[in-house]
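Chemist: Provided below: start.pdb, containing PDB, C-alpha atoms.
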```pdb
ATOM      1  CA  MET L   1      -1.359 -22.639   1.917
ATOM      2  CA  LEU L   2      -1.385 -18.831   2.086
ATOM      3  CA  SER L   3       2.030 -18.288   0.508
ATOM      4  CA  TYR L   4       3.793 -20.371  -2.091
ATOM      5  CA  ASP L   5       6.426 -20.314  -4.825
ATOM      6  CA  VAL L   6       5.285 -19.964  -8.423
ATOM      7  CA  SER L   7       7.096 -20.737 -11.672
ATOM      8  CA  GLU L   8       6.335 -20.136 -15.301
ATOM      9  CA  ALA L   9       4.855 -23.646 -15.526
ATOM     10  CA  ASP L  10       2.158 -23.051 -12.898
ATOM     11  CA  PHE L  11       1.670 -19.259 -12.992
ATOM     12  CA  THR L  12      -1.706 -19.430 -14.744
ATOM     13  CA  ALA L  13      -3.156 -21.989 -12.324
ATOM     14  CA  GLU L  14      -1.596 -20.596  -9.146
ATOM     15  CA  VAL L  15      -2.106 -16.879  -9.802
ATOM     16  CA  ILE L  16      -4.600 -16.144 -12.566
ATOM     17  CA  GLU L  17      -7.097 -18.905 -11.760
ATOM     18  CA  ARG L  18      -6.805 -18.620  -7.969
ATOM     19  CA  SER L  19      -7.318 -14.836  -8.156
ATOM     20  CA  HIS L  20     -10.922 -15.404  -9.246
ATOM     21  CA  GLN L  21     -11.666 -16.582  -5.685
ATOM     22  CA  THR L  22      -9.101 -14.692  -3.577
ATOM     23  CA  PRO L  23      -6.808 -11.774  -4.473
ATOM     24  CA  VAL L  24      -3.216 -12.876  -5.113
ATOM     25  CA  LEU L  25      -0.151 -10.707  -4.532
ATOM     26  CA  VAL L  26       2.748 -11.762  -6.739
ATOM     27  CA  ASP L  27       6.116 -10.878  -5.170
ATOM     28  CA  ILE L  28       8.731 -10.875  -7.945
ATOM     29  CA  GLY L  29      12.246 -10.691  -6.563
ATOM     30  CA  ALA L  30      15.690 -12.249  -6.425
ATOM     31  CA  ALA L  31      17.879 -13.750  -3.720
ATOM     32  CA  TRP L  32      20.638 -11.162  -4.310
ATOM     33  CA  CYS L  33      18.197  -8.211  -3.915
ATOM     34  CA  ALA L  34      18.533  -6.518  -0.501
ATOM     35  CA  PRO L  35      15.110  -4.773  -0.612
ATOM     36  CA  CYS L  36      13.560  -8.158  -1.510
ATOM     37  CA  ARG L  37      15.039  -9.670   1.650
ATOM     38  CA  VAL L  38      13.397  -6.867   3.648
ATOM     39  CA  LEU L  39       9.985  -6.996   1.964
ATOM     40  CA  GLY L  40       9.603 -10.787   1.775
ATOM     41  CA  PRO L  41       9.400 -11.520   5.512
ATOM     42  CA  LEU L  42       7.022  -8.593   6.036
ATOM     43  CA  LEU L  43       4.666  -9.883   3.322
ATOM     44  CA  GLU L  44       4.895 -13.383   4.836
ATOM     45  CA  ARG L  45       3.830 -12.021   8.222
ATOM     46  CA  LEU L  46       0.989  -9.980   6.729
ATOM     47  CA  VAL L  47      -0.427 -12.896   4.724
ATOM     48  CA  CYS L  48      -0.737 -14.746   8.047
ATOM     49  CA  ASP L  49      -2.205 -11.699   9.823
ATOM     50  CA  TYR L  50      -4.885 -11.357   7.118
ATOM     51  CA  ARG L  51      -5.859 -15.046   7.547
ATOM     52  CA  GLY L  52      -6.630 -15.914   3.958
ATOM     53  CA  ALA L  53      -8.048 -12.592   2.757
ATOM     54  CA  PHE L  54      -5.279 -12.661   0.132
ATOM     55  CA  LEU L  55      -2.656 -15.114  -1.091
ATOM     56  CA  LEU L  56       1.055 -14.493  -1.639
ATOM     57  CA  ALA L  57       2.789 -16.012  -4.664
ATOM     58  CA  ARG L  58       6.586 -15.678  -4.730
ATOM     59  CA  VAL L  59       8.445 -15.589  -8.054
ATOM     60  CA  ASP L  60      12.233 -15.892  -8.266
ATOM     61  CA  ALA L  61      13.015 -13.598 -11.195
ATOM     62  CA  ASP L  62      16.377 -15.261 -11.885
ATOM     63  CA  GLU L  63      14.662 -18.616 -12.400
ATOM     64  CA  ASN L  64      11.569 -17.177 -14.125
ATOM     65  CA  MET L  65      12.825 -14.381 -16.361
ATOM     66  CA  ARG L  66       9.853 -14.706 -18.718
ATOM     67  CA  ILE L  67       7.409 -13.872 -15.939
ATOM     68  CA  ALA L  68       9.407 -10.760 -15.072
ATOM     69  CA  GLY L  69       9.602  -9.812 -18.751
ATOM     70  CA  GLN L  70       5.904 -10.404 -19.433
ATOM     71  CA  HIS L  71       5.053  -8.162 -16.492
ATOM     72  CA  LYS L  72       7.498  -5.449 -17.586
ATOM     73  CA  VAL L  73       9.327  -5.576 -14.263
ATOM     74  CA  ARG L  74      11.861  -2.746 -14.098
ATOM     75  CA  GLY L  75      13.009  -3.102 -10.500
ATOM     76  CA  PHE L  76      13.005  -5.517  -7.594
ATOM     77  CA  PRO L  77      11.004  -6.297  -5.676
ATOM     78  CA  THR L  78       7.872  -5.738  -7.750
ATOM     79  CA  VAL L  79       4.560  -6.731  -6.188
ATOM     80  CA  ILE L  80       1.603  -7.163  -8.527
ATOM     81  CA  ALA L  81      -1.953  -7.609  -7.262
ATOM     82  CA  TYR L  82      -4.278  -9.923  -9.199
ATOM     83  CA  SER L  83      -8.030 -10.090  -8.784
ATOM     84  CA  ARG L  84     -10.558 -11.977 -10.908
ATOM     85  CA  GLY L  85      -7.895 -13.019 -13.412
ATOM     86  CA  GLY L  86      -6.261  -9.651 -14.054
ATOM     87  CA  GLU L  87      -3.724  -7.219 -12.655
ATOM     88  CA  ILE L  88      -5.354  -4.475 -10.600
ATOM     89  CA  ASP L  89      -2.392  -2.728  -8.927
ATOM     90  CA  ARG L  90       1.360  -2.895  -8.328
ATOM     91  CA  PHE L  91       4.260  -1.282  -6.511
ATOM     92  CA  VAL L  92       8.043  -1.463  -6.708
ATOM     93  CA  SER L  93      10.651  -1.597  -3.905
ATOM     94  CA  ALA L  94      10.451  -2.326  -0.207
ATOM     95  CA  GLN L  95       7.705  -0.413   1.591
ATOM     96  CA  THR L  96       6.625   0.298   5.151
ATOM     97  CA  GLU L  97       4.123  -1.905   6.940
ATOM     98  CA  GLY L  98       1.615   0.960   6.890
ATOM     99  CA  PHE L  99       1.909   1.287   3.114
ATOM    100  CA  LEU L 100       1.545  -2.475   2.691
ATOM    101  CA  ARG L 101      -1.572  -2.637   4.868
ATOM    102  CA  ARG L 102      -3.199   0.211   2.896
ATOM    103  CA  PHE L 103      -2.235  -1.472  -0.392
ATOM    104  CA  ILE L 104      -3.579  -4.874   0.736
ATOM    105  CA  ASP L 105      -6.772  -3.346   2.142
ATOM    106  CA  GLY L 106      -7.361  -1.591  -1.195
ATOM    107  CA  VAL L 107      -6.783  -4.803  -3.150
ATOM    108  CA  ILE L 108      -9.188  -6.750  -0.921
ATOM    109  CA  GLU L 109     -11.835  -4.036  -1.202
ATOM    110  CA  ARG L 110     -11.555  -3.918  -5.006
ATOM    111  CA  HIS L 111     -11.803  -7.703  -5.167
ATOM    112  CA  ARG L 112     -14.947  -7.706  -3.004
ATOM    113  CA  ALA L 113     -16.429  -4.974  -5.186
ATOM    114  CA  GLY L 114     -15.877  -7.117  -8.254
ATOM    115  CA  GLY L 115     -12.758  -5.408  -9.601
TER     116      GLY L 115
END
```
Take the structure in the file and write it out as structure tokens.
Modeler:
Amino acid sequence: MLSYDVSEADFTAEVIERSHQTPVLVDIGAAWCAPCRVLGPLLERLVCDYRGAFLLARVDADENMRIAGQHKVRGFPTVIAYSRGGEIDRFVSAQTEGFLRRFIDGVIERHRAGG
């Protein structure tokens, strides 16, 4: 399972703990958010293209407001990269495929380097 939904109840296990083995991108968005509807399918395609080099955890902010609040989310979508149990990078809003590939490549490289 390369992409999956995460809630407050399983965030620690599905993001923090899993990020010790494989980097996890957390996509925090909402169904009513137009940029989220653009970014989501692109991230879904990329997680398949990268064949397990990273995982994608989706968080519905409307159903998990505490997660959004704890991460100081100020806009949607917000994508937060986790590696080895901690946040290592983030971006806000829909982005181009080129930006996303550079972001993902950087996250994977930092994870491999121990960061």
Chemist: Out of L:Gly52, L:Gly69, L:Gly85, L:Gly98, which residue has the shortest atom-to-atom distance to Met1 in chain L when counting only C-alpha atoms?
Modeler: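 Nearest candidate to Met1 in chain L out of L:Gly52, L:Gly69, L:Gly85, L:Gly98: L:Gly52.
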Chemist: Could you please determine the separation between CA of Pro35 in chain L and CA of Asp60 in chain L in Å, to one decimal place?
Modeler: 13.8 Å
Chemist: Expand the PyMOL selection byres ((chain L and resi 14-17) around 10) into the explicit residue set it covers here, and present it as a list in words.
Modeler: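 Residues picked by the PyMOL selection byres ((chain L and resi 14-17) around 10): Tyr4, Asp5, Val6, Ser7, Ala9, Asp10, Phe11, Thr12, Ala13, Arg18, Ser19, His20, Gln21, Thr22, Pro23, Val24, Leu25, Val26, Leu55, Leu56, Ala57, Ala81, Tyr82, Ser83, Arg84, Gly85, Gly86 and Glu87 of chain L.
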Chemist: Between CA of Arg101 in chain L and CA of Asp27 in chain L, what distance in Å does the model show, to one decimal?
Modeler: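 So the two atoms, CA of Arg101 in chain L and CA of Asp27 in chain L, lie 15.1 Å apart.
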Chemist: Between L:Ala61, L:Leu46, L:Ala113, L:Ile80, which residue has the minimum interatomic distance to Ala30 in chain L, considering all atoms listed in the file?
Modeler: L:Ala61
Chemist: Go through L:Ser3, L:Leu42, L:Val107, L:Phe91 and flag the residue nearest Val79 in chain L, using only C-alpha atoms for the distances.
Modeler: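 Closest to Val79 in chain L, using only C-alpha atoms: L:Phe91.
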Chemist: Mind giving me the straight-line distance from CA of Val59 in chain L to CA of Phe103 in chain L in Å, one decimal?
Modeler: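 Between CA of Val59 in chain L and CA of Phe103 in chain L the gap works out to 19.3 Å.
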Chemist: Considering all atoms listed in the file, state which residue in the set L:Ile108, L:Leu100, L:Leu2, L:Ile28 is at the smallest distance from Glu63 in chain L.
Modeler: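 Looking at the shortest contact to Glu63 in chain L, the residue is L:Ile28.
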Chemist: When distances are computed from all atoms listed in the file, which of L:Ile88, L:Gly75, L:Ala34, L:Arg58 shows the smallest separation from Arg110 in chain L?
Modeler: L:Ile88
Chemist: Would you mind telling me which residue in L:Pro77, L:Val47, L:Met65, L:Gly114 lies nearest to Ala94 in chain L when using all atoms listed in the file?
Modeler: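 Under the stated criterion, the closest residue is L:Pro77.
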